[in-house]
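Working notes, beginning with the structure itself.
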Amino acid sequence: MSAVKPKNVLVLGAGGGLGQAMIARFLTDPEVDKVIAVSRNGQPEDLSAHWISQSRLVWIESQYDEQSMLEVVDKLTPFAGTISRVCICHGILHDDHLWPEKRFEDIDASAMLEIFQANTIIPALWLKLLHKTLAGKIPCIVAVFSARVGSTSDNRLGGWYSYRASKAALNSLLKSFSVEYARRLKNVKLIAFHPGTVKTDLSRPFQASVPEQNLFTPAFVADQLINIMASAEVDGQLSYLDWDGKTIQF
Ligand SMILES: NC(=O)c1ccc[n+]([C@@H]2O[C@H](COP(=O)([O-])OP(=O)(O)OC[C@H]3O[C@@H](n4cnc5c(N)ncnc54)[C@H](OP(=O)(O)O)[C@@H]3O)[C@@H](O)[C@H]2O)c1
C-alpha cells in the first residue's frame, strides 16, 4: 500500500517551533482539507493573514492527562478514517527548572519523570487512544518526533541521560506499536523522525556550538518531512529516519 496525498492532518504538540512549521506547511497545501492542531495553549495570534483560510484550522486545547486526551479523541470522531498524516511533536530537553545532565551525578528523579512524561509517555498514549480514529481504508503516515540521540548504537558522547533515554524508550515503544499496528491497523505507517538541529526554543541554548550549515529552520525541516511522508510506504514496519530521509540505526 503506498501513501496517498494528505486529506485531513493532525498535529499533536502543535504550539512548538516544529509543530507550528508543520501546520504552516499543511495549510499551504491545497490537497489538505482540515488541519487539526492540539496544544496545551490557545491558538497563537500570529497564525494570521498569510496562512490561507483559517477556517481550515481546527485548534483543540489539552493538558495531556489521559482524560483530556480522551476528550480530544472524542472531538476527532467526525474525522475518523479520514486522517492521512499525523505529527506527534512533543518534546522537552530543558525548561526553567531542568537541564540536560552532563554527568550521572546530575540525574534527578523528578526531572527525569517530567522528561519521560512529555517525550515518551504522551506519544505512547496518543498511539493507544487514536487507534479508532486512524483505522480505516486510507493510508495514514504517523511521524513521531524522536531524535538521533535516542539511537543506542550512535551513543558515543554519553550525557543527556534523561533526554537520550526518553527518546530510546520512545523508539522502543514505536517498534512495539508497529508490530501490533501491522496486525490491527494495516493502513498506518509509523516513522520515528530525527529533524536535525532546528532553530526552536528546544535547541536555543545549544545553537551557538552548531555550525550554521547544520542548523535548520523549522520551515526547511517541515518541507523535508512532508516529502518523506509523501513517499513513505505503508509496510507495517517502523522507520527511523533523519531529516534527509536516511535510515538511523537503533
Ligand atoms: N529542535 C531541535 O533541534 C530538535 C532536535 C531533535 C529532536 N527534536 C524533537 O522535535 C520535537 C519538536 O521540538 P521543537 O524543536 O519544536 O521544540 P519546542 O519548540 O520546544 O516545542 C516543544 C513541543 O513539545 C510540547 N511540550 C512541551 N512541554 C510539554 C509537556 N510538559 N507535556 C507535553 N508536551 C509538551 C509542546 O506542545 P504544546 O503545543 O502543547 O505546547 C511543543 O509542541 C521534539 O520531540 C524534540 O525532541 C528537536
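Residues in the C-alpha cells are named by chain (A, B, ... in the order shown) and by number from 1 within that chain; ligands are numbered from 1 in the order shown.
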Quick one: contact table of chain A to ligand 1, 7 Å max, nearest atom pair and distance in Å to one decimal per residue, counting only C-alpha atoms and all ligand atoms, chain and number order, as JSON lines?
{"residue": "A:Gly13", "atom": "CA", "partner": "ligand 1", "partner_atom_place_in_ligand_line": "37 (O)", "distance": 3.4}
{"residue": "A:Ala14", "atom": "CA", "partner": "ligand 1", "partner_atom_place_in_ligand_line": "39 (O)", "distance": 4.0}
{"residue": "A:Gly15", "atom": "CA", "partner": "ligand 1", "partner_atom_place_in_ligand_line": "39 (O)", "distance": 3.2}
{"residue": "A:Gly16", "atom": "CA", "partner": "ligand 1", "partner_atom_place_in_ligand_line": "21 (O)", "distance": 3.3}
{"residue": "A:Gly17", "atom": "CA", "partner": "ligand 1", "partner_atom_place_in_ligand_line": "19 (O)", "distance": 3.8}
{"residue": "A:Leu18", "atom": "CA", "partner": "ligand 1", "partner_atom_place_in_ligand_line": "16 (O)", "distance": 3.7}
{"residue": "A:Gly19", "atom": "CA", "partner": "ligand 1", "partner_atom_place_in_ligand_line": "43 (O)", "distance": 5.5}
{"residue": "A:Val38", "atom": "CA", "partner": "ligand 1", "partner_atom_place_in_ligand_line": "39 (O)", "distance": 6.5}
{"residue": "A:Ser39", "atom": "CA", "partner": "ligand 1", "partner_atom_place_in_ligand_line": "40 (O)", "distance": 3.5}
{"residue": "A:Arg40", "atom": "CA", "partner": "ligand 1", "partner_atom_place_in_ligand_line": "40 (O)", "distance": 3.8}
{"residue": "A:Asn41", "atom": "CA", "partner": "ligand 1", "partner_atom_place_in_ligand_line": "41 (O)", "distance": 6.1}
{"residue": "A:Tyr64", "atom": "CA", "partner": "ligand 1", "partner_atom_place_in_ligand_line": "33 (C)", "distance": 6.4}
{"residue": "A:Cys89", "atom": "CA", "partner": "ligand 1", "partner_atom_place_in_ligand_line": "11 (C)", "distance": 4.5}
{"residue": "A:His90", "atom": "CA", "partner": "ligand 1", "partner_atom_place_in_ligand_line": "24 (O)", "distance": 3.4}
{"residue": "A:Gly91", "atom": "CA", "partner": "ligand 1", "partner_atom_place_in_ligand_line": "45 (O)", "distance": 3.6}
{"residue": "A:Ile92", "atom": "CA", "partner": "ligand 1", "partner_atom_place_in_ligand_line": "28 (N)", "distance": 5.4}
{"residue": "A:Leu93", "atom": "CA", "partner": "ligand 1", "partner_atom_place_in_ligand_line": "47 (O)", "distance": 6.7}
{"residue": "A:Glu114", "atom": "CA", "partner": "ligand 1", "partner_atom_place_in_ligand_line": "31 (N)", "distance": 6.8}
{"residue": "A:Gln117", "atom": "CA", "partner": "ligand 1", "partner_atom_place_in_ligand_line": "32 (N)", "distance": 6.7}
{"residue": "A:Ala118", "atom": "CA", "partner": "ligand 1", "partner_atom_place_in_ligand_line": "32 (N)", "distance": 4.2}
{"residue": "A:Asn119", "atom": "CA", "partner": "ligand 1", "partner_atom_place_in_ligand_line": "45 (O)", "distance": 6.3}
{"residue": "A:Ile122", "atom": "CA", "partner": "ligand 1", "partner_atom_place_in_ligand_line": "33 (C)", "distance": 6.7}
{"residue": "A:Phe145", "atom": "CA", "partner": "ligand 1", "partner_atom_place_in_ligand_line": "45 (O)", "distance": 4.4}
{"residue": "A:Ser146", "atom": "CA", "partner": "ligand 1", "partner_atom_place_in_ligand_line": "45 (O)", "distance": 5.4}
{"residue": "A:Ala147", "atom": "CA", "partner": "ligand 1", "partner_atom_place_in_ligand_line": "7 (C)", "distance": 4.3}
{"residue": "A:Arg148", "atom": "CA", "partner": "ligand 1", "partner_atom_place_in_ligand_line": "6 (C)", "distance": 6.9}
{"residue": "A:His194", "atom": "CA", "partner": "ligand 1", "partner_atom_place_in_ligand_line": "7 (C)", "distance": 5.5}
{"residue": "A:Pro195", "atom": "CA", "partner": "ligand 1", "partner_atom_place_in_ligand_line": "6 (C)", "distance": 5.4}
{"residue": "A:Gly196", "atom": "CA", "partner": "ligand 1", "partner_atom_place_in_ligand_line": "5 (C)", "distance": 5.2}
{"residue": "A:Thr197", "atom": "CA", "partner": "ligand 1", "partner_atom_place_in_ligand_line": "3 (O)", "distance": 3.4}
{"residue": "A:Val198", "atom": "CA", "partner": "ligand 1", "partner_atom_place_in_ligand_line": "3 (O)", "distance": 3.8}
{"residue": "A:Lys199", "atom": "CA", "partner": "ligand 1", "partner_atom_place_in_ligand_line": "1 (N)", "distance": 5.9}
{"residue": "A:Thr200", "atom": "CA", "partner": "ligand 1", "partner_atom_place_in_ligand_line": "15 (O)", "distance": 4.7}
{"residue": "A:Asp201", "atom": "CA", "partner": "ligand 1", "partner_atom_place_in_ligand_line": "20 (O)", "distance": 4.7}
{"residue": "A:Leu202", "atom": "CA", "partner": "ligand 1", "partner_atom_place_in_ligand_line": "20 (O)", "distance": 4.0}
{"residue": "A:Ser203", "atom": "CA", "partner": "ligand 1", "partner_atom_place_in_ligand_line": "3 (O)", "distance": 4.7}
* **Sel. of alpha helix (DSSP H) residues, segment 114-234 of chain A, as number ranges by chain** => A: 114-116, 122-129, 131-134, 161-184, 218-231
* So which one's closest to Asp108 of chain A, A:Trp160, A:Leu76, A:Ile88, A:Leu173? Using only C-alpha atoms, please. -> A:Trp160
* From the set A:Arg183, A:His97, A:Arg25, A:Arg103, which residue has the shortest atom-to-atom contact distance to Ala222 of chain A, counting only C-alpha atoms? ->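 Under the stated criterion, the closest residue is A:Arg25.
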* Asked: If you measure from atom CA of Ala135 of chain A to atom CA of Val234 of chain A, what distance in Å do you get, rounded to one decimal?
  -> 12.9 Å
